[in-house]
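Participant: Below: one structure in structure tokens.
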Amino acid sequence: MRSLIQFIIKYNAAFVFVLLQILCIVLIFGFNDYHRSIFINSGNKITGKINDKWQGVFDYVSLREENQSLREENALLNNELQQRRAYQHDFNYFSNYSPFWYVPAKITNISINKIKNYITIDVGTTDGVKNEMALMGPEGVAGIIFRTSENYAVAIPIINTDFLLSVKLAHSKYFGSLSWQGPDHRYAFVSDIPGYVEVQKGDSIFTSGYSAIFPSDLPVGIVDKIEIDKSTSFYNLKIKLFTNFAKLRHVYVIGNKDKDEIKTLEASLND
Amino acid sequence: MIKNIMKYGLLFAICILMQVLIFDRIYFSGYVNIYFYVLFILLLPIQTSKSLGMIMAFFIGISIDMFTNTPGMHASASVFMAFLRPTILRFLAPIDGYETGMEARLSILGIGWFIRYAFVLILAHHTVLLYLEAFNSSLFFFTFLKVLLSSFATLFIIVLSQFLIYRK
């Protein structure tokens, strides 16, 4: 026993090293999603505040640019509203019920230079934001909410290797799945579109609306490069994203009132 | 002793704030990330015991992890860096050894010494950190380039900071 203690004292640095590294490895790999969420959210109570205050400094610097982009978006939305009104006038027997509702939010922290990037926004459960809601930037789809605390929420943006989204081609309406493999935050990839579909450079990509998270027909990006995988004869499309993550400041969280109903219905199939 | 605790406490806070408020928001092309906070580990007194150094490194690493939503990665890389530090110090020791209570600072030991010392440790830290981050993906060569470029960028900023803060 004594020699054991002497051994430990002699090599104390090695023991401390191994202990600390085991602790780190447990943190990195051992955490399941639930534990990880506690880590991330407890951090955000303090760190979210600090980031929030600091971001305020930059908000003034980019006010002019921000105003311009908000004006443009307003104009776009107004146009759309007019069109909808005209449409509804023609077919006024259509119900104007929409299950989707919007919460405006400001980004307090965003990373774009990692493999697993995250966005922190300044709305949380008190604003009605829940996990698995959609995050939309002024130009297009931005990400999906995956953790929430009282006043903040963390989203997985498109530029995270864990992100997956069902999308469709504007022309042919074929479905594919959008993912990101890094490292460039301006481009993502769409796979699972069969090779016999006609695809052209510049084709727009929209959300398919098949997930109950995103409404359908939200803009995602345009086709930038077309490649075909010889072994599977499916396309591998390089997409230029509409959302510029390097400049993203204001976003919307999109909730779906019917989501729980859809989820329960789908879950009942498995019983 | 108390003076030292105050001094390193302040350095600890400054390193974290500089990292999360400034350097985490700088973006060059996806290849270059600056991890300025390793300065804290570099500047610990030379006589700091290996274990104490690693514990301090763990705390600064885990603090950065809190901000960047990466549980454990910065902590792991920092602990590894602090583990190597005494060995590198012994390797680079001047002929007549270090004086007691000496700090590993550029203004004391000279620029050539500091660059060699800092670069080896920064490279070790960035290698562990960036490969842990790229784990599970086939980005070996991309990460390799990223480690090299980021190490040079971090080294440059750290050397620059030494001229700005400790100028005589």
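Every chain in the structure tokens has a letter given in the order shown (A, B, ...), and although residue numbers restart at 1 in each chain, ligands are simply numbered from 1 in the order shown.
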Given only C-alpha atoms, how would the per-residue table for stretch 129-203 of chain A near stretch 27-49 of chain B read, listing every residue at most 12 Å away with its closest atom pair and distance in Å to one decimal, sorted by chain and number, as CSV?
Facilitator:
residue,atom,partner,partner_atom,distance
A:Ile159,CA,B:Gly30,CA,11.9
A:Gly182,CA,B:Gly30,CA,9.0
A:Pro183,CA,B:Gly30,CA,6.3
A:Asp184,CA,B:Gly30,CA,6.6
A:His185,CA,B:Gly30,CA,8.1
A:Arg186,CA,B:Ser29,CA,10.6
Participant: Write out as a list in words which residues come within 8 Å of stretch 53-56 of chain A when counting only C-alpha atoms, dropping same-chain ones fewer than 6 positions away.
Facilitator: Thr108 and Asn109 of chain A; Leu21 of chain B
Participant: Quick one: write out the picked residues with N, CA and C atoms as a PDB file, in the first residue's frame?
Facilitator:
ATOM      1  N   THR A 108     -27.172  36.328 -31.116  1.00  0.00           N
ATOM      2  CA  THR A 108     -26.210  36.829 -30.132  1.00  0.00           C
ATOM      3  C   THR A 108     -24.848  36.193 -30.308  1.00  0.00           C
ATOM      4  N   ASN A 109     -24.806  35.036 -30.930  1.00  0.00           N
ATOM      5  CA  ASN A 109     -23.512  34.382 -31.132  1.00  0.00           C
ATOM      6  C   ASN A 109     -23.628  33.440 -32.318  1.00  0.00           C
TER       7      ASN A 109
ATOM      8  N   LEU B  21     -14.755  37.267 -27.323  1.00  0.00           N
ATOM      9  CA  LEU B  21     -15.369  38.496 -27.823  1.00  0.00           C
ATOM     10  C   LEU B  21     -14.696  39.006 -29.092  1.00  0.00           C
TER      11      LEU B  21
END
Participant: Enumerate, in order of chain and increasing residue number, the residues of chain A with an atom no farther than 6 Å from chain B, each with its shortest atom pair and distance in Å to one decimal, counting only C-alpha atoms, as JSON lines.
Facilitator:
{"residue": "A:Ala13", "atom": "CA", "partner": "B:Ser51", "partner_atom": "CA", "distance": 4.8}
{"residue": "A:Val16", "atom": "CA", "partner": "B:Ser51", "partner_atom": "CA", "distance": 6.0}
{"residue": "A:Gln21", "atom": "CA", "partner": "B:Ser76", "partner_atom": "CA", "distance": 5.9}
{"residue": "A:Cys24", "atom": "CA", "partner": "B:Gly72", "partner_atom": "CA", "distance": 4.6}
{"residue": "A:Leu27", "atom": "CA", "partner": "B:Gly72", "partner_atom": "CA", "distance": 5.0}
{"residue": "A:Ile28", "atom": "CA", "partner": "B:Gly72", "partner_atom": "CA", "distance": 5.2}
{"residue": "A:Ile40", "atom": "CA", "partner": "B:Asn69", "partner_atom": "CA", "distance": 5.8}
{"residue": "A:Gly43", "atom": "CA", "partner": "B:Met66", "partner_atom": "CA", "distance": 5.2}
{"residue": "A:Thr47", "atom": "CA", "partner": "B:Phe67", "partner_atom": "CA", "distance": 5.8}
{"residue": "A:Asn113", "atom": "CA", "partner": "B:Gly30", "partner_atom": "CA", "distance": 5.0}
Participant: Give me every strand (DSSP E or B) residue in chain B, going by DSSP on the backbone, as a count of residues only.
Facilitator: 4
Participant: Give me the residues near stretch 207-220 of chain A as a list of chain:residue names, where near means some atom within 7 Å (using only C-alpha atoms) and where sequence neighbours in that chain fewer than 2 positions away do not count.
Facilitator: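 Listing them by chain and then by number gives A:Glu132, A:Met133, A:Ala134, A:Gly140, A:Val141, A:Ser166, A:Val167, A:Lys168, A:Ile205, A:Leu241, A:Phe242, A:Asn256, A:Lys259.
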Participant: Could you turn the residues from that selection into a file that holds N, CA and C atoms, as an mmCIF file, in the first residue's frame?
Facilitator:
data_model
loop_
_atom_site.group_PDB
_atom_site.id
_atom_site.type_symbol
_atom_site.label_atom_id
_atom_site.label_comp_id
_atom_site.auth_asym_id
_atom_site.auth_seq_id
_atom_site.Cartn_x
_atom_site.Cartn_y
_atom_site.Cartn_z
ATOM 1 N N GLU A 132 -36.725 21.962 -32.317
ATOM 2 C CA GLU A 132 -37.187 21.545 -33.636
ATOM 3 C C GLU A 132 -38.118 22.550 -34.289
ATOM 4 N N MET A 133 -37.849 23.815 -34.053
ATOM 5 C CA MET A 133 -38.559 24.826 -34.830
ATOM 6 C C MET A 133 -37.605 25.305 -35.912
ATOM 7 N N ALA A 134 -38.168 25.922 -36.936
ATOM 8 C CA ALA A 134 -37.329 26.336 -38.063
ATOM 9 C C ALA A 134 -36.727 27.712 -37.813
ATOM 10 N N GLY A 140 -33.103 33.355 -46.766
ATOM 11 C CA GLY A 140 -33.481 31.956 -46.927
ATOM 12 C C GLY A 140 -33.334 31.181 -45.649
ATOM 13 N N VAL A 141 -33.462 29.863 -45.779
ATOM 14 C CA VAL A 141 -33.409 28.975 -44.620
ATOM 15 C C VAL A 141 -32.067 29.102 -43.900
ATOM 16 N N SER A 166 -34.902 18.213 -46.019
ATOM 17 C CA SER A 166 -35.526 17.730 -47.247
ATOM 18 C C SER A 166 -35.824 18.926 -48.144
ATOM 19 N N VAL A 167 -35.302 18.901 -49.385
ATOM 20 C CA VAL A 167 -35.496 20.036 -50.297
ATOM 21 C C VAL A 167 -36.035 19.539 -51.636
ATOM 22 N N LYS A 168 -36.490 20.479 -52.462
ATOM 23 C CA LYS A 168 -36.947 20.087 -53.796
ATOM 24 C C LYS A 168 -36.434 21.071 -54.835
ATOM 25 N N ILE A 205 -33.493 25.987 -55.321
ATOM 26 C CA ILE A 205 -33.801 24.883 -54.412
ATOM 27 C C ILE A 205 -34.697 25.437 -53.311
ATOM 28 N N LEU A 241 -25.754 28.752 -51.121
ATOM 29 C CA LEU A 241 -26.824 29.076 -50.183
ATOM 30 C C LEU A 241 -27.226 30.545 -50.295
ATOM 31 N N PHE A 242 -28.526 30.816 -50.149
ATOM 32 C CA PHE A 242 -28.981 32.210 -50.152
ATOM 33 C C PHE A 242 -28.547 32.919 -48.875
ATOM 34 N N ASN A 256 -44.878 25.663 -35.793
ATOM 35 C CA ASN A 256 -45.992 25.016 -36.491
ATOM 36 C C ASN A 256 -46.995 24.544 -35.444
ATOM 37 N N LYS A 259 -47.847 20.811 -35.384
ATOM 38 C CA LYS A 259 -46.769 19.825 -35.377
ATOM 39 C C LYS A 259 -47.041 18.663 -34.419
#
Participant: In terms of the shortest atom-to-atom distance over only C-alpha atoms, which of A:Glu139, A:Asp192, A:Asp122, A:Asp127 is closest to A:Leu70?
Facilitator: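 Among the listed residues, the smallest separation from A:Leu70 belongs to A:Glu139.
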Participant: With distances taken over only C-alpha atoms, which of A:Ile228, A:Ala155, A:Ile107, A:Leu237 is nearest to A:Leu169?
Facilitator: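 With only C-alpha atoms as the atom set, the closest residue is A:Leu237.
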Participant: For each of B:Leu164, B:Met18, B:Ala153, B:Ile88, take the minimum atom-to-atom distance to B:Leu121, counting only C-alpha atoms, then give the residue where this is smallest.
Facilitator: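 The answer is B:Ile88, which sits nearest to B:Leu121.
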Participant: If DSSP is run on the backbone, what residues of stretch 1-136 of chain B are helix (DSSP H, G or I)? A reply as a VMD selection string would be ideal.
Facilitator: chain B and resid 2 to 21 23 to 25 36 to 43 50 to 68 73 to 91 106 to 109 111 to 133
Participant: Would you please work out which residue, of B:Gln19, B:Gln162, B:Asn4, B:Thr87, is nearest to B:Val120 when using only C-alpha atoms?
Facilitator: B:Thr87
